[in-house]
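Structure file upload.cif (mmCIF, C-alpha atoms) follows.
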```
data_run
loop_
_atom_site.label_atom_id
_atom_site.label_comp_id
_atom_site.auth_asym_id
_atom_site.auth_seq_id
_atom_site.Cartn_x
_atom_site.Cartn_y
_atom_site.Cartn_z
CA MET A 12 -58.58 49.61 27.31
CA ALA A 13 -60.32 46.27 27.79
CA TYR A 14 -58.63 45.09 24.58
CA VAL A 15 -55.25 46.46 25.68
CA ARG A 16 -55.50 44.65 28.99
CA ARG A 17 -56.57 41.41 27.31
CA MET A 18 -53.57 41.52 25.00
CA ALA A 19 -51.26 42.34 27.90
CA GLU A 20 -52.45 39.54 30.14
CA HIS A 21 -53.45 36.73 27.81
CA ASP A 22 -51.67 37.09 24.46
CA ASP A 23 -48.02 36.63 23.50
CA VAL A 24 -48.43 38.27 20.08
CA GLY A 25 -49.97 41.53 21.26
CA ILE A 26 -52.65 41.82 18.59
CA THR A 27 -55.50 39.79 17.13
CA THR A 28 -55.72 38.95 13.44
CA ASP A 29 -58.90 40.96 12.87
CA VAL A 30 -57.37 44.16 14.27
CA TRP A 31 -54.19 43.76 12.22
CA GLU A 32 -56.18 43.11 9.04
CA HIS A 33 -58.24 46.24 9.71
CA ILE A 34 -55.05 48.31 10.03
CA VAL A 35 -53.84 46.89 6.72
CA GLU A 36 -57.15 47.77 5.05
CA LEU A 37 -56.82 51.35 6.28
CA GLY A 38 -53.41 51.55 4.60
CA TRP A 39 -51.46 52.40 7.75
CA THR A 40 -48.91 49.61 7.18
CA GLY A 41 -47.86 51.33 3.96
CA ALA A 42 -47.81 54.90 5.26
CA LEU A 43 -44.03 55.30 5.08
CA VAL A 44 -43.48 52.91 2.15
CA PRO A 45 -42.62 54.46 -1.26
CA GLU A 46 -45.31 54.29 -3.94
CA PRO A 47 -43.37 51.87 -6.21
CA ASN A 48 -43.48 49.38 -3.35
CA GLY A 49 -47.21 49.72 -2.81
CA GLY A 50 -47.15 52.38 -0.11
CA LEU A 51 -48.44 55.91 0.40
CA ALA A 52 -44.99 57.57 0.38
CA LEU A 53 -45.80 59.74 3.41
CA GLY A 54 -43.25 61.39 5.66
CA ILE A 55 -42.30 61.62 9.32
CA VAL A 56 -44.91 64.34 9.94
CA ASP A 57 -47.63 61.94 8.79
CA GLY A 58 -46.12 59.17 10.90
CA VAL A 59 -46.22 61.47 13.91
CA VAL A 60 -49.98 61.96 13.46
CA ILE A 61 -50.53 58.18 13.50
CA GLN A 62 -48.15 57.53 16.38
CA GLU A 63 -49.75 60.17 18.58
CA GLU A 64 -53.06 58.33 18.32
CA MET A 65 -51.34 54.99 18.92
CA GLY A 66 -49.91 56.39 22.14
CA ARG A 67 -53.28 57.76 23.18
CA THR A 68 -54.78 54.26 23.03
CA LEU A 69 -51.66 52.45 24.35
CA PHE A 70 -51.82 50.35 21.20
CA PRO A 71 -50.41 46.92 22.11
CA GLY A 72 -49.51 45.39 18.73
CA PRO A 73 -46.40 45.42 16.51
CA PHE A 74 -47.43 48.44 14.45
CA PHE A 75 -44.63 50.71 15.69
CA SER A 76 -41.92 48.05 15.40
CA SER A 77 -42.94 46.91 11.93
CA SER A 78 -44.85 49.63 10.08
CA MET A 79 -42.80 52.50 11.46
CA VAL A 80 -39.27 51.54 12.56
CA ALA A 81 -38.62 48.44 10.43
CA THR A 82 -40.15 50.22 7.44
CA LEU A 83 -37.87 53.23 7.95
CA ALA A 84 -34.88 50.89 8.23
CA ALA A 85 -35.78 49.00 5.05
CA ARG A 86 -36.36 52.30 3.24
CA THR A 87 -33.06 53.77 4.45
CA LEU A 88 -31.14 50.65 3.41
CA GLY A 89 -32.90 50.38 0.04
CA LEU A 90 -34.50 46.98 0.69
CA GLY A 91 -37.41 47.15 -1.76
CA GLU A 92 -38.30 43.46 -1.54
CA LEU A 93 -38.99 43.84 2.19
CA LEU A 94 -40.99 47.03 1.70
CA ASP A 95 -43.46 45.30 -0.64
CA ALA A 96 -44.48 42.80 2.03
CA LEU A 97 -44.52 45.42 4.79
CA ALA A 98 -46.91 47.63 2.84
CA ALA A 99 -49.20 44.69 2.10
CA GLY A 100 -49.14 43.61 5.74
CA THR A 101 -48.20 40.05 4.76
CA GLN A 102 -44.96 40.22 6.73
CA ARG A 103 -43.87 42.01 9.88
CA GLY A 104 -40.35 43.06 10.65
CA THR A 105 -38.44 44.74 13.44
CA ILE A 106 -34.93 45.96 14.26
CA ALA A 107 -32.51 44.68 16.91
CA LEU A 108 -30.60 47.82 17.85
CA GLU A 109 -30.63 48.12 21.63
CA GLU A 110 -27.94 46.43 23.73
CA ALA A 111 -26.98 46.57 27.40
CA GLY A 112 -25.51 49.79 28.76
CA SER A 113 -26.27 53.49 28.56
CA GLY A 114 -25.54 56.42 26.32
CA ASP A 115 -25.46 56.25 22.52
CA PRO A 116 -27.34 53.11 21.37
CA ILE A 117 -25.06 52.81 18.33
CA ASP A 118 -21.78 53.18 20.24
CA ARG A 119 -22.73 50.37 22.59
CA ILE A 120 -23.40 47.80 19.85
CA ARG A 121 -21.24 44.75 20.61
CA VAL A 122 -22.86 42.05 18.46
CA ARG A 123 -20.27 40.80 15.95
CA ALA A 124 -20.65 39.42 12.44
CA VAL A 125 -18.05 37.03 11.03
CA GLY A 126 -17.95 35.82 7.45
CA ARG A 127 -17.59 36.95 3.88
CA GLY A 128 -19.67 37.51 0.76
CA THR A 129 -23.31 36.72 1.50
CA ARG A 130 -22.59 34.27 4.32
CA TYR A 131 -22.15 35.65 7.80
CA LYS A 132 -22.75 34.43 11.33
CA LEU A 133 -23.75 36.64 14.26
CA HIS A 134 -22.44 36.43 17.81
CA GLY A 135 -23.83 38.33 20.81
CA VAL A 136 -27.03 39.27 22.60
CA LYS A 137 -29.85 41.71 21.89
CA PRO A 138 -31.67 41.75 25.25
CA MET A 139 -34.77 43.81 24.33
CA VAL A 140 -36.05 43.52 20.76
CA LEU A 141 -39.52 44.98 20.25
CA ASP A 142 -41.82 42.20 18.94
CA GLY A 143 -38.76 40.14 18.06
CA HIS A 144 -40.40 36.80 18.84
CA THR A 145 -43.21 37.28 16.30
CA ALA A 146 -41.39 39.13 13.50
CA ASP A 147 -40.85 37.43 10.15
CA TRP A 148 -37.41 39.04 9.97
CA ILE A 149 -35.08 41.29 11.91
CA LEU A 150 -32.54 43.86 10.74
CA VAL A 151 -29.48 43.66 12.99
CA PRO A 152 -26.65 46.21 13.07
CA ALA A 153 -23.43 44.39 13.96
CA ARG A 154 -19.69 45.03 14.07
CA THR A 155 -17.43 43.71 11.30
CA ARG A 156 -13.85 44.37 10.23
CA GLU A 157 -15.22 46.99 7.83
CA GLY A 158 -17.21 48.78 10.54
CA LEU A 159 -20.89 48.73 11.39
CA GLN A 160 -22.98 46.83 8.86
CA THR A 161 -26.55 45.53 8.71
CA PHE A 162 -27.70 41.93 8.56
CA LEU A 163 -31.02 40.27 7.84
CA VAL A 164 -32.10 37.39 10.06
CA GLU A 165 -35.25 35.54 9.02
CA ARG A 166 -37.53 33.76 11.49
CA PRO A 167 -35.26 34.50 14.46
CA ARG A 168 -35.24 32.30 17.54
CA ALA A 169 -36.29 34.52 20.43
CA ASP A 170 -37.69 34.32 23.94
CA LEU A 171 -40.18 36.67 25.53
CA ALA A 172 -38.48 39.17 27.83
CA ALA A 173 -40.03 40.82 30.86
CA SER A 174 -40.64 44.56 30.59
CA LEU A 175 -42.04 47.26 32.83
CA ASP A 176 -44.42 48.08 29.97
CA VAL A 177 -46.85 45.17 30.01
CA THR A 178 -48.78 46.52 27.03
CA ARG A 179 -45.92 45.73 24.63
CA LYS A 180 -43.99 42.58 23.82
CA PHE A 181 -40.21 42.40 23.93
CA ALA A 182 -37.91 39.50 23.12
CA ARG A 183 -34.38 38.47 24.05
CA ILE A 184 -32.33 37.15 21.17
CA GLU A 185 -29.03 35.33 21.63
CA PHE A 186 -26.94 35.04 18.49
CA ASP A 187 -24.65 32.00 18.57
CA GLU A 188 -23.28 31.51 15.07
CA THR A 189 -26.68 32.56 13.75
CA PRO A 190 -26.76 32.68 9.92
CA ALA A 191 -27.36 36.19 8.59
CA THR A 192 -27.34 37.92 5.22
CA PRO A 193 -25.61 41.30 4.79
CA VAL A 194 -27.96 43.94 3.35
CA GLY A 195 -27.83 47.57 2.38
CA PRO A 196 -25.18 49.66 0.63
CA ALA A 197 -21.46 48.98 0.79
CA GLY A 198 -19.40 50.59 3.52
CA ASP A 199 -20.01 51.58 7.10
CA HIS A 200 -23.68 52.00 8.10
CA THR A 201 -23.18 54.17 11.21
CA ALA A 202 -24.61 57.29 9.56
CA LEU A 203 -27.63 55.35 8.27
CA TRP A 204 -28.44 53.98 11.71
CA SER A 205 -27.91 57.39 13.29
CA ARG A 206 -30.50 58.86 10.95
CA LEU A 207 -32.88 56.00 11.68
CA LEU A 208 -32.36 56.53 15.41
CA ASP A 209 -33.31 60.20 15.06
CA ASP A 210 -36.49 59.54 13.08
CA ALA A 211 -37.55 56.65 15.32
CA GLY A 212 -37.02 58.90 18.35
CA VAL A 213 -39.28 61.58 16.86
CA LEU A 214 -42.00 59.00 16.19
CA LEU A 215 -41.63 57.70 19.72
CA GLY A 216 -41.89 61.27 20.96
CA ALA A 217 -45.23 61.56 19.18
CA GLU A 218 -46.39 58.40 20.90
CA LEU A 219 -45.37 59.91 24.23
CA ILE A 220 -47.53 62.96 23.49
CA GLY A 221 -50.51 60.67 22.97
CA VAL A 222 -49.71 58.85 26.22
CA SER A 223 -49.49 62.18 28.05
CA ASP A 224 -52.75 63.43 26.56
CA ALA A 225 -54.60 60.30 27.60
CA ALA A 226 -53.16 60.30 31.12
CA ASN A 227 -54.01 63.98 31.49
CA ALA A 228 -57.61 63.38 30.39
CA LEU A 229 -57.89 60.44 32.80
CA ALA A 230 -56.66 62.61 35.67
CA ILE A 231 -58.92 65.58 34.88
CA ASP A 232 -62.00 63.38 34.50
CA TYR A 233 -61.33 61.78 37.88
CA ALA A 234 -60.63 65.14 39.56
CA GLN A 235 -63.94 66.53 38.31
CA ALA A 236 -65.93 63.46 39.36
CA ARG A 237 -64.31 62.75 42.73
CA GLU A 238 -65.66 64.81 45.63
CA VAL A 239 -63.67 65.63 48.77
CA PHE A 240 -65.34 67.46 51.68
CA GLY A 241 -68.37 67.97 49.47
CA LYS A 242 -66.47 69.61 46.57
CA PRO A 243 -64.93 68.18 43.39
CA ARG A 244 -61.21 67.58 43.72
CA SER A 245 -60.72 69.76 40.64
CA THR A 246 -61.70 72.85 42.64
CA PHE A 247 -58.71 72.57 45.02
CA PRO A 248 -55.73 74.80 44.12
CA VAL A 249 -53.18 71.98 44.40
CA THR A 250 -55.06 69.96 41.78
CA ARG A 251 -55.51 72.95 39.51
CA HIS A 252 -51.81 73.79 39.70
CA LYS A 253 -50.93 70.23 38.75
CA ALA A 254 -53.34 70.36 35.82
CA VAL A 255 -51.77 73.56 34.48
CA ASP A 256 -48.25 72.17 34.73
CA MET A 257 -49.30 68.95 33.00
CA LEU A 258 -50.90 70.80 30.10
CA GLN A 259 -47.91 73.10 29.70
CA LYS A 260 -45.48 70.19 29.39
CA ILE A 261 -47.71 68.39 26.89
CA GLU A 262 -48.04 71.41 24.61
CA LEU A 263 -44.32 72.22 24.70
CA ALA A 264 -43.54 68.59 23.86
CA ARG A 265 -45.99 68.72 20.97
CA VAL A 266 -44.26 71.78 19.51
CA ALA A 267 -40.85 70.10 19.77
CA VAL A 268 -41.98 66.85 18.18
CA TYR A 269 -43.84 68.39 15.26
CA TYR A 270 -40.95 70.74 14.53
CA ALA A 271 -38.50 67.80 14.59
CA ALA A 272 -40.77 65.84 12.24
CA TRP A 273 -40.87 68.77 9.81
CA ALA A 274 -37.08 69.19 10.10
CA SER A 275 -36.59 65.55 9.14
CA ASP A 276 -38.87 65.72 6.10
CA ALA A 277 -37.34 69.04 5.02
CA GLU A 278 -33.72 67.91 5.66
CA ALA A 279 -33.22 71.03 7.78
CA ASP A 280 -29.72 71.84 9.05
CA ASP A 281 -30.80 71.38 12.68
CA ARG A 282 -32.62 68.10 12.02
CA SER A 283 -30.50 65.96 14.34
CA THR A 284 -30.53 68.45 17.22
CA ALA A 285 -34.28 68.96 16.83
CA ALA A 286 -34.80 65.18 17.04
CA ALA A 287 -32.75 64.98 20.24
CA MET A 288 -34.66 67.88 21.81
CA ALA A 289 -38.02 66.37 20.85
CA LYS A 290 -37.28 62.92 22.24
CA ALA A 291 -35.78 64.32 25.45
CA TYR A 292 -38.59 66.73 26.24
CA ALA A 293 -41.43 64.42 25.18
CA ALA A 294 -40.02 61.76 27.52
CA GLU A 295 -39.64 64.24 30.38
CA ALA A 296 -43.20 65.49 29.86
CA ALA A 297 -44.68 61.99 29.70
CA ASN A 298 -42.89 60.85 32.85
CA HIS A 299 -44.15 63.92 34.69
CA VAL A 300 -47.73 63.80 33.43
CA THR A 301 -48.25 60.08 33.98
CA ALA A 302 -46.82 60.30 37.50
CA GLU A 303 -49.04 63.27 38.33
CA CYS A 304 -52.02 61.35 36.94
CA ILE A 305 -51.43 58.75 39.63
CA GLN A 306 -51.01 61.46 42.29
CA ILE A 307 -54.31 63.12 41.36
CA HIS A 308 -56.06 59.77 41.64
CA GLY A 309 -54.66 59.27 45.12
CA GLY A 310 -54.55 55.74 46.54
CA ILE A 311 -56.71 54.22 43.81
CA GLY A 312 -54.16 55.36 41.22
CA TYR A 313 -51.70 52.76 42.52
CA THR A 314 -54.05 49.83 41.99
CA TRP A 315 -53.90 47.36 39.11
CA ASP A 316 -57.55 47.92 38.20
CA ASN A 317 -56.96 51.62 37.55
CA ASP A 318 -55.46 52.41 34.13
CA ALA A 319 -53.10 55.15 35.37
CA HIS A 320 -50.16 52.80 35.90
CA LEU A 321 -50.36 51.53 32.31
CA TYR A 322 -49.61 55.02 30.99
CA LEU A 323 -46.72 55.43 33.42
CA ARG A 324 -45.26 52.09 32.32
CA ARG A 325 -45.40 53.06 28.64
CA ALA A 326 -43.81 56.43 29.35
CA LYS A 327 -40.93 54.94 31.35
CA VAL A 328 -40.03 52.34 28.70
CA ASP A 329 -40.46 54.72 25.76
CA ASP A 330 -38.04 57.06 27.50
CA LEU A 331 -35.33 54.38 27.41
CA MET A 332 -35.94 53.20 23.84
CA PHE A 333 -33.80 54.69 21.04
CA GLY A 334 -31.79 56.85 23.40
CA ALA A 335 -32.83 57.91 26.88
CA GLN A 336 -33.46 61.58 27.59
CA GLY A 337 -30.18 62.01 29.45
CA TRP A 338 -28.16 61.04 26.38
CA GLN A 339 -30.38 63.14 24.14
CA ARG A 340 -29.67 66.19 26.30
CA GLU A 341 -25.94 65.48 26.07
CA ARG A 342 -26.28 65.55 22.29
CA VAL A 343 -27.97 68.93 22.40
CA ALA A 344 -25.31 70.28 24.78
CA ASP A 345 -22.48 68.97 22.58
CA ALA A 346 -24.04 70.56 19.49
CA TYR A 347 -24.37 73.88 21.29
CA PHE A 348 -20.85 73.96 22.69
CA ALA A 349 -19.46 73.01 19.29
CA THR A 350 -20.71 76.37 17.98
CA LEU A 351 -18.85 78.46 20.59
#
```
Step by step, read the file and then write its structure as structure tokens.
Amino acid sequence: MAYVRRMAEHDDVGITTDVWEHIVELGWTGALVPEPNGGLALGIVDGVVIQEEMGRTLFPGPFFSSSMVATLAARTLGLGELLDALAAGTQRGTIALEEAGSGDPIDRIRVRAVGRGTRYKLHGVKPMVLDGHTADWILVPARTREGLQTFLVERPRADLAASLDVTRKFARIEFDETPATPVGPAGDHTALWSRLLDDAGVLLGAELIGVSDAANALAIDYAQAREVFGKPRSTFPVTRHKAVDMLQKIELARVAVYYAAWASDAEADDRSTAAAMAKAYAAEAANHVTAECIQIHGGIGYTWDNDAHLYLRRAKVDDLMFGAQGWQRERVADAYFATL
């Protein structure tokens, strides 16, 4: 946590070179990259295992944005030349999907691309791009006359953007006739980005499980160590009831996320619905557990020096990324009513 705080308070990149190089040596940057491109060719279930641990430590660097989401995007779009560098850790990428508004992140895309052939220019704003200011390239979904297509922007100009989650770095990118190269297969890319959104949501759900686990452990340790009226706080019924509810939500979220990960790898019929359920419930659980962690700590839980608020911040922002839980629940409801 000392490292996480140092990166949050004194570093605009979010990670030191030695830590990134160690991750590359362990092979994590190539986990989701196909073998022909130098990767391990693992699936979403394997990514979930990694992301759960990343959430547990509140990992501050660009691993999720580059080695998970950008890698999935490059793999989905068939961009082998980008995958080679991602697996080797020599380049870092990210995606610029989120725009202002609520509901379906794809429906609210307003960035436009104008041009023809291999020469396009982008117009619009991406207000919160994860690690956008340090990425070597960004994949940007944008509207064209042919529908939604994907564009590659190298060395984007970006400014740091304020976020509730101080352990991560976000950037604001304004496209004003920004040169971009169209990438990916011909035709509309809506279905490709929808699939990416589902898988990224499952991976984010795994991170939220790790966040919840860590916040729960922090709360239980404090409750057992802190004495009130000569007895540990953990012996009081109100604390014990909170602990049971926290554990229940974590375990139910874990079941949902791991099932959704399997459904993605297995191309199950309910893959999309399972992804929506996993993201929605993991976010609900994390918001509840991290808030209760602060409550169990009492007054000290609201202070900057206590780590409880860092978990709450991560949970709140993760909830909003790649589709907030409210929209995810709407998806599940729509899928259910469509069967009646």
Problem - For range 215-219 of chain A: contacts at 10 Å, all atoms listed in the file, fewer than 3 positions along chain excluded, given as a ChimeraX atom specification - result: /A:56,58-70,75,79-80,209-212,222-225,261,264-265,267-269,271-272,286-298,322,325-327,329-330,332-333
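Counting all atoms listed in the file, the residue from A:Ala84, A:Leu94, A:Ala19, A:Leu351 that sits nearest to Pro45 in chain A is A:Leu94.
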Problem - Output of the PyMOL selection byres ((chain A and resi 72) around 10), listed as a PyMOL selection string - result: chain A and resi 15+18-19+24-27+30-31+65+69-71+73-77+142+178-180
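Near range 306-312 of chain A, within 8 Å and counting all atoms listed in the file, sit Ala230, Tyr233, Ala234, Thr250, Ala302, Glu303, Asn317, Asp318, Ala319 and His320 of chain A; same-chain residues fewer than 3 positions away were not included.
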Problem - Residue with smallest distance to Ala335 in chain A - pool A:Ala182, A:Ile120, A:Ala285, A:Leu208, counting only C-alpha atoms - result: A:Leu208
